[in-house]
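Q: I am sharing data-v2.txt, which consists of compact mmCIF, C-alpha atoms:
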```txt
# COMPACT_ATOMS: atom_id res chain seq x y z
CA MET C 1 17.32 -4.44 -20.74
CA LYS C 2 19.85 -7.06 -19.68
CA SER C 3 19.47 -8.19 -16.11
CA ARG C 4 23.18 -8.23 -15.17
CA PRO C 5 23.96 -4.52 -15.65
CA PHE C 6 20.68 -3.58 -13.99
CA ARG C 7 21.50 -5.74 -10.96
CA MET C 8 24.94 -4.15 -10.83
CA GLU C 9 23.40 -0.67 -10.78
CA LEU C 10 21.06 -1.68 -7.95
CA PHE C 11 24.00 -3.18 -6.06
CA LYS C 12 25.90 0.11 -6.33
CA LEU C 13 22.88 1.95 -4.94
CA SER C 14 22.67 -0.41 -1.97
CA ARG C 15 26.27 0.50 -1.09
CA LYS C 16 25.25 4.07 -0.24
CA PRO C 17 22.97 3.76 2.81
CA ILE C 18 24.30 6.91 4.51
CA ALA C 19 23.32 9.10 1.55
CA LEU C 20 19.81 7.60 1.50
CA LEU C 21 19.47 8.04 5.26
CA SER C 22 20.53 11.70 4.98
CA VAL C 23 17.85 12.27 2.35
CA LEU C 24 15.20 10.73 4.60
CA VAL C 25 16.26 12.94 7.53
CA LEU C 26 16.11 16.01 5.28
CA LEU C 27 12.67 14.93 4.07
CA ALA C 28 11.35 14.49 7.61
CA LEU C 29 12.70 17.91 8.64
CA CYS C 30 11.09 19.62 5.62
CA LYS C 31 7.70 18.06 6.26
CA ALA C 32 7.85 18.73 10.00
CA ALA C 33 8.75 22.38 9.31
CA LEU C 34 5.78 22.73 6.99
CA LEU C 35 3.52 21.16 9.61
CA ALA C 36 4.65 23.74 12.16
CA VAL C 37 4.44 26.74 9.79
CA HIS C 38 1.01 25.84 8.45
CA ALA C 39 -0.55 24.90 11.79
CA PRO C 40 -2.91 27.93 11.77
CA ILE C 41 -3.81 27.33 8.10
CA LEU C 42 -4.47 23.61 8.51
CA PRO C 43 -6.49 23.33 11.74
CA ASP C 44 -6.91 19.97 13.47
CA GLU C 45 -10.25 18.99 11.94
CA GLU C 46 -11.69 16.14 9.91
CA GLY C 47 -9.91 15.77 6.58
CA SER C 48 -7.09 18.16 7.50
CA ALA C 49 -4.56 15.34 7.09
CA PHE C 50 -5.20 15.31 3.34
CA ALA C 51 -4.61 19.04 3.14
CA TYR C 52 -1.33 18.61 4.99
CA LEU C 53 -0.26 15.74 2.72
CA ALA C 54 -0.90 17.84 -0.37
CA GLN C 55 0.80 20.95 1.05
CA SER C 56 3.89 19.06 2.18
CA ALA C 57 4.18 17.08 -1.07
CA SER C 58 3.99 20.30 -3.10
CA MET C 59 6.99 21.61 -1.17
CA THR C 60 9.10 18.47 -1.28
CA MET C 61 8.49 17.90 -5.01
CA VAL C 62 10.64 20.99 -5.64
CA LEU C 63 13.41 19.36 -3.61
CA TRP C 64 13.12 16.03 -5.45
CA TRP C 65 12.99 17.71 -8.85
CA PHE C 66 16.24 19.60 -8.38
CA LEU C 67 18.00 16.77 -6.54
CA LEU C 68 17.14 14.18 -9.19
CA LEU C 69 18.04 16.54 -12.03
CA CYS C 70 21.52 17.08 -10.60
CA LEU C 71 21.94 13.42 -9.62
CA ALA C 72 21.07 12.25 -13.13
CA ALA C 73 23.37 14.86 -14.69
CA ALA C 74 26.31 13.58 -12.63
CA SER C 75 25.44 9.88 -12.89
CA ILE C 76 27.36 9.09 -16.10
CA SER C 77 29.61 12.13 -16.54
CA ASN C 78 31.18 11.54 -13.11
CA GLU C 79 32.14 7.95 -13.95
CA ARG C 80 33.30 9.02 -17.39
CA SER C 81 35.61 11.70 -15.98
CA ARG C 82 37.23 9.20 -13.60
CA GLY C 83 37.64 6.46 -16.22
CA ILE C 84 35.17 4.15 -14.49
CA LEU C 85 32.87 4.14 -17.50
CA ARG C 86 35.63 2.62 -19.65
CA MET C 87 35.99 -0.16 -17.09
CA HIS C 88 32.24 -0.84 -17.20
CA LEU C 89 32.21 -0.99 -20.99
CA SER C 90 35.35 -3.13 -21.18
CA ARG C 91 33.17 -6.03 -20.06
CA PRO C 92 30.67 -7.57 -22.51
CA VAL C 93 28.10 -4.88 -21.79
CA GLY C 94 26.86 -2.70 -24.62
CA ARG C 95 26.54 1.05 -24.23
CA GLY C 96 22.81 0.85 -24.72
CA ALA C 97 22.42 -1.83 -22.04
CA PHE C 98 24.53 0.23 -19.64
CA LEU C 99 22.49 3.39 -20.28
CA PHE C 100 19.13 1.65 -19.85
CA ALA C 101 20.35 -0.08 -16.69
CA ARG C 102 21.50 3.26 -15.25
CA VAL C 103 18.17 4.90 -16.14
CA GLY C 104 16.31 1.97 -14.59
CA ALA C 105 18.31 2.34 -11.37
CA LEU C 106 17.58 6.07 -11.28
CA LEU C 107 13.88 5.33 -11.71
CA VAL C 108 14.10 2.96 -8.74
CA VAL C 109 15.67 5.80 -6.72
CA LEU C 110 12.83 8.07 -7.82
CA ALA C 111 10.20 5.52 -6.78
CA LEU C 112 11.88 5.04 -3.38
CA LEU C 113 12.05 8.80 -2.80
CA LEU C 114 8.36 9.25 -3.58
CA ALA C 115 7.44 6.24 -1.43
CA ALA C 116 9.48 7.70 1.44
CA ASP C 117 7.87 11.10 0.87
CA ALA C 118 4.41 9.57 1.12
CA ALA C 119 5.30 7.42 4.14
CA VAL C 120 6.77 10.31 6.14
CA GLY C 121 3.83 12.52 5.20
CA VAL C 122 1.25 9.91 6.26
CA LEU C 123 3.11 9.27 9.53
CA LEU C 124 3.19 12.96 10.48
CA ALA C 125 -0.38 13.50 9.31
CA SER C 126 -1.66 10.56 11.36
CA LEU C 127 0.13 11.88 14.46
CA PHE C 128 -0.92 15.53 14.25
CA ARG C 129 -3.93 15.70 11.89
CA ASN C 130 -7.20 13.86 11.32
CA PHE C 131 -8.09 11.73 8.32
CA GLY C 132 -11.75 11.70 7.41
CA ASP C 133 -14.38 12.87 4.98
CA VAL C 134 -13.90 16.37 3.56
CA ALA C 135 -16.85 18.76 3.69
CA ASP C 136 -17.59 21.65 1.36
CA PRO C 137 -17.85 24.78 3.54
CA ALA C 138 -20.66 26.09 1.34
CA LEU C 139 -22.75 22.89 1.42
CA GLN C 140 -24.22 20.53 3.99
CA GLY C 141 -22.33 17.37 4.85
CA PRO C 142 -19.18 15.76 3.46
CA GLN C 143 -18.55 16.07 -0.26
CA PHE C 144 -15.49 13.82 -0.59
CA SER C 145 -14.98 10.54 1.23
CA ALA C 146 -11.69 9.70 2.91
CA SER C 147 -11.15 6.81 0.49
CA ALA C 148 -11.63 9.11 -2.51
CA MET C 149 -9.14 11.59 -1.07
CA ALA C 150 -6.62 8.80 -0.41
CA PHE C 151 -7.00 7.62 -4.01
CA GLY C 152 -6.48 11.21 -5.17
CA ILE C 153 -3.22 11.44 -3.21
CA LEU C 154 -2.03 8.15 -4.74
CA ARG C 155 -2.96 9.35 -8.24
CA CYS C 156 -0.97 12.55 -7.69
CA TYR C 157 2.13 10.60 -6.66
CA LEU C 158 1.88 8.34 -9.71
CA LEU C 159 1.42 11.26 -12.11
CA THR C 160 4.24 13.20 -10.43
CA PHE C 161 6.47 10.13 -10.89
CA LEU C 162 6.06 10.56 -14.66
CA GLY C 163 6.85 14.28 -14.48
CA LEU C 164 9.97 13.68 -12.40
CA ALA C 165 11.02 10.82 -14.72
CA ALA C 166 11.05 13.32 -17.61
CA ALA C 167 13.29 15.66 -15.57
CA LEU C 168 15.53 12.72 -14.70
CA ALA C 169 15.84 11.78 -18.38
CA MET C 170 16.85 15.35 -19.21
CA GLY C 171 19.60 15.11 -16.60
CA VAL C 172 20.83 11.84 -18.15
CA LEU C 173 21.02 13.52 -21.54
CA PHE C 174 23.28 16.26 -20.19
CA SER C 175 25.30 13.58 -18.39
CA VAL C 176 26.28 11.92 -21.69
CA LEU C 177 26.93 15.20 -23.50
CA THR C 178 30.04 15.99 -21.46
CA ALA C 179 32.66 14.15 -19.41
CA ASN C 180 32.79 16.96 -16.84
CA PRO C 181 30.20 16.37 -14.08
CA VAL C 182 30.29 20.00 -12.91
CA THR C 183 29.47 21.19 -16.43
CA ALA C 184 26.73 18.57 -16.78
CA ILE C 185 25.11 19.60 -13.49
CA ALA C 186 25.34 23.29 -14.39
CA TRP C 187 23.73 22.73 -17.78
CA ALA C 188 20.98 20.54 -16.35
CA ALA C 189 20.24 22.87 -13.43
CA GLY C 190 20.27 25.95 -15.67
CA THR C 191 17.99 24.34 -18.25
CA GLY C 192 15.64 23.14 -15.53
CA LEU C 193 15.38 26.61 -13.98
CA VAL C 194 14.81 28.22 -17.38
CA THR C 195 12.12 25.65 -18.17
CA GLU C 196 10.39 26.35 -14.87
CA GLY C 197 10.59 30.09 -15.57
CA VAL C 198 8.98 29.54 -18.98
CA ARG C 199 6.25 27.49 -17.31
CA ARG C 200 5.44 30.30 -14.90
CA VAL C 201 5.29 32.86 -17.72
CA PHE C 202 3.03 30.61 -19.79
CA GLU C 203 0.85 29.94 -16.76
CA ILE C 204 0.19 33.66 -16.38
CA SER C 205 -0.04 34.86 -19.97
CA MET C 206 -0.41 31.84 -22.29
CA GLY C 207 -2.49 29.26 -20.46
CA ALA C 208 -2.86 26.72 -23.28
CA TYR C 209 0.88 26.41 -23.96
CA VAL C 210 1.76 25.62 -20.36
CA HIS C 211 0.47 22.06 -20.86
CA TYR C 212 3.46 21.33 -23.12
CA VAL C 213 6.12 22.39 -20.60
CA PRO C 214 7.54 19.31 -18.82
CA THR C 215 7.79 20.87 -15.35
CA GLN C 216 4.05 21.55 -15.44
CA TYR C 217 3.53 17.90 -14.52
CA ILE C 218 5.76 18.05 -11.45
CA PHE C 219 4.22 20.93 -9.55
CA ILE C 220 0.48 21.01 -10.33
CA HIS C 221 -0.95 17.66 -9.29
CA PHE C 222 -1.04 18.26 -5.54
CA ASP C 223 -2.69 21.64 -6.12
CA GLN C 224 -5.75 19.60 -7.15
CA ILE C 225 -5.80 17.84 -3.78
CA LYS C 226 -5.33 21.12 -1.91
CA SER C 227 -8.45 22.42 -3.60
CA LEU C 228 -10.34 19.19 -2.97
CA SER C 229 -9.37 19.27 0.70
CA HIS C 230 -11.23 22.56 0.98
CA GLY C 231 -14.29 21.08 -0.69
CA PHE C 232 -14.06 22.53 -4.19
CA SER C 233 -15.44 19.89 -6.55
CA ILE C 234 -14.39 21.95 -9.58
CA ALA C 235 -10.83 20.74 -8.98
CA VAL C 236 -11.61 17.14 -9.99
CA PRO C 237 -9.46 16.47 -13.10
CA GLY C 238 -11.07 15.25 -16.32
CA SER C 239 -9.93 12.62 -18.81
CA SER C 240 -8.14 15.17 -21.04
CA TYR C 241 -6.10 16.34 -18.05
CA LEU C 242 -5.10 12.76 -17.26
CA LEU C 243 -4.15 12.07 -20.89
CA LEU C 244 -1.90 15.15 -20.98
CA SER C 245 -0.41 14.29 -17.57
CA ILE C 246 0.58 10.86 -18.86
CA GLY C 247 1.34 11.55 -22.53
CA ILE C 248 3.44 14.73 -22.32
CA PRO C 249 5.93 13.58 -19.63
CA LEU C 250 6.21 10.15 -21.26
CA ALA C 251 6.97 11.76 -24.64
CA TYR C 252 9.69 13.94 -23.07
CA PHE C 253 11.13 10.96 -21.20
CA LEU C 254 11.39 8.77 -24.30
CA THR C 255 12.80 11.61 -26.41
CA PHE C 256 15.53 12.49 -23.91
CA ILE C 257 16.53 8.85 -23.40
CA LEU C 258 16.64 8.07 -27.13
CA VAL C 259 18.77 11.16 -27.82
CA ALA C 260 21.05 10.25 -24.89
CA HIS C 261 21.39 6.74 -26.34
CA LYS C 262 22.41 8.15 -29.73
CA VAL C 263 24.95 10.51 -28.14
CA LEU C 264 26.46 7.80 -25.94
CA GLN C 265 26.82 5.43 -28.90
CA ARG C 266 29.00 8.01 -30.68
CA ALA C 267 30.84 9.42 -27.66
CA ASP C 268 34.57 8.95 -27.24
CA ILE C 269 34.71 7.17 -23.88
CA GLY C 270 38.48 7.33 -23.87
CA GLU C 271 38.60 11.15 -23.74
```
Reformat the file's structure so that it appears as structure tokens.
A:
Amino acid sequence: MKSRPFRMELFKLSRKPIALLSVLVLLALCKAALLAVHAPILPDEEGSAFAYLAQSASMTMVLWWFLLLCLAAASISNERSRGILRMHLSRPVGRGAFLFARVGALLVVLALLLAADAAVGVLLASLFRNFGDVADPALQGPQFSASAMAFGILRCYLLTFLGLAAALAMGVLFSVLTANPVTAIAWAAGTGLVTEGVRRVFEISMGAYVHYVPTQYIFIHFDQIKSLSHGFSIAVPGSSYLLLSIGIPLAYFLTFILVAHKVLQRADIGE
């Protein structure tokens, strides 16, 4: 990826502080609401902060998934509809370099959103909940140390980053398929909702196939931590789970981006 177009994409992001601030306020409100609603479920005891972190992240991942899907779908189609894309490509910047720079900038946005999600969650958890070792209610003494739980939370965020990156790449693909941003967002949102519906059906009736649905790797990771926070050691993921959680989203991400690259190379930017 050329450095100049990537720096330009990052510069454009830095020019929108109000939008980023609004997202952070929305995030804080969502997590605070969950803290209030789940107060009876998550009592103020040792290790309850990890349960809150997992519960709140599970809720906000739905928000990030849909927001990023629509943002990615509008990212190129919006500029194309207004003629801005032609201006970008009139400079000595190839279509491929532009696409990869835009995807890189969107990945930076994704990383910042997840970092903000974790930071707000840790702040609220430290104020209203207790970090500490987690005990199995059926056994004597703590079964999971606080450091192991913290590592588990970090692992979930990293794996969820890959799942959300696949959704983001799907949005980019729809963004290059049409010059109308409304159409691109509608296609991306509709496909995302259908995919999530298929995942839920597979989860109930066809358990093995659910591992090949991309949204599976957005919504399941923090369920592991919720189980761990209640002391269930059976929830510890194995190596095969980790391989699927890395390989499947990465395969979807690369496929969507490569197809988007092919489509953009042949698209009529002047339309």
Q: From the list C:Ile257, C:Ala119, C:Ala179, C:Ala186, which residue is nearest C:Ser77 when using all atoms listed in the file?
A: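 Ranked by minimum distance to C:Ser77, first place goes to C:Ala179.
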Q: Between C:Phe50, C:Phe256, C:Tyr212, C:Phe219, which is the closest to C:Ala148 once you count only C-alpha atoms?
A: C:Phe50
Q: Of the candidates C:Ala125, C:Val259, C:Ile185, C:Leu250, which shows the shortest atom-to-atom distance to C:Ala49, using all atoms listed in the file?
A: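 Between C:Ala125, C:Val259, C:Ile185, C:Leu250, the residue approaching C:Ala49 most closely is C:Ala125.
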Q: For C:Leu67, which residue out of C:Ala118, C:Ala146, C:Val213, C:Leu168 is the nearest one, using only C-alpha atoms?
A: C:Leu168
Q: Can you work out the spacing between atom CA of C:Leu242 and atom CA of C:Ala72 in Å, to one decimal?
A: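 So the two atoms, atom CA of C:Leu242 and atom CA of C:Ala72, lie 26.5 Å apart.
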Q: Between C:Gln216, C:Ser240, C:Ser227, C:Ser145, which has the minimum distance to C:Tyr52 (counting only C-alpha atoms)?
A: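 Looking only at the distances to C:Tyr52, the closest residue turns out to be C:Ser227.
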Q: Can you tell me how far atom CA of C:Leu69 sits from atom CA of C:Met170, in Å to one decimal?
A: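 Atom CA of C:Met170 lies at a distance of 7.4 Å from atom CA of C:Leu69.
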Q: Here is a test: counting all atoms listed in the file, which residue of C:Ala167, C:Ala150, C:Leu114, C:Val263 is nearest to C:Phe66?
A: C:Ala167
Q: Can you work out the spacing between atom CA of C:Ala260 and atom CA of C:Met8 in Å, to one decimal?
A: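 Spanning atom CA of C:Ala260 to atom CA of C:Met8 is a straight-line distance of 20.5 Å.
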Q: Pick out the residues sitting within 12 Å of C:Arg199, and hand them over as a tab-separated table (two decimals) with C-alpha atoms, in the coordinates of the input; count all atoms listed in the file, and ignore anything fewer than 6 positions along from it in its own chain.
A:
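around05.tsv, freshly written:
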```tsv
chain	number	residue	atom	x	y	z
C	192	GLY	CA	15.64	23.14	-15.53
C	193	LEU	CA	15.38	26.61	-13.98
C	205	SER	CA	-0.04	34.86	-19.97
C	206	MET	CA	-0.41	31.84	-22.29
C	207	GLY	CA	-2.49	29.26	-20.46
C	208	ALA	CA	-2.86	26.72	-23.28
C	209	TYR	CA	0.88	26.41	-23.96
C	210	VAL	CA	1.76	25.62	-20.36
C	211	HIS	CA	0.47	22.06	-20.86
C	212	TYR	CA	3.46	21.33	-23.12
C	213	VAL	CA	6.12	22.39	-20.60
C	214	PRO	CA	7.54	19.31	-18.82
C	215	THR	CA	7.79	20.87	-15.35
C	216	GLN	CA	4.05	21.55	-15.44
C	217	TYR	CA	3.53	17.90	-14.52
C	218	ILE	CA	5.76	18.05	-11.45
C	219	PHE	CA	4.22	20.93	-9.55
C	220	ILE	CA	0.48	21.01	-10.33
```
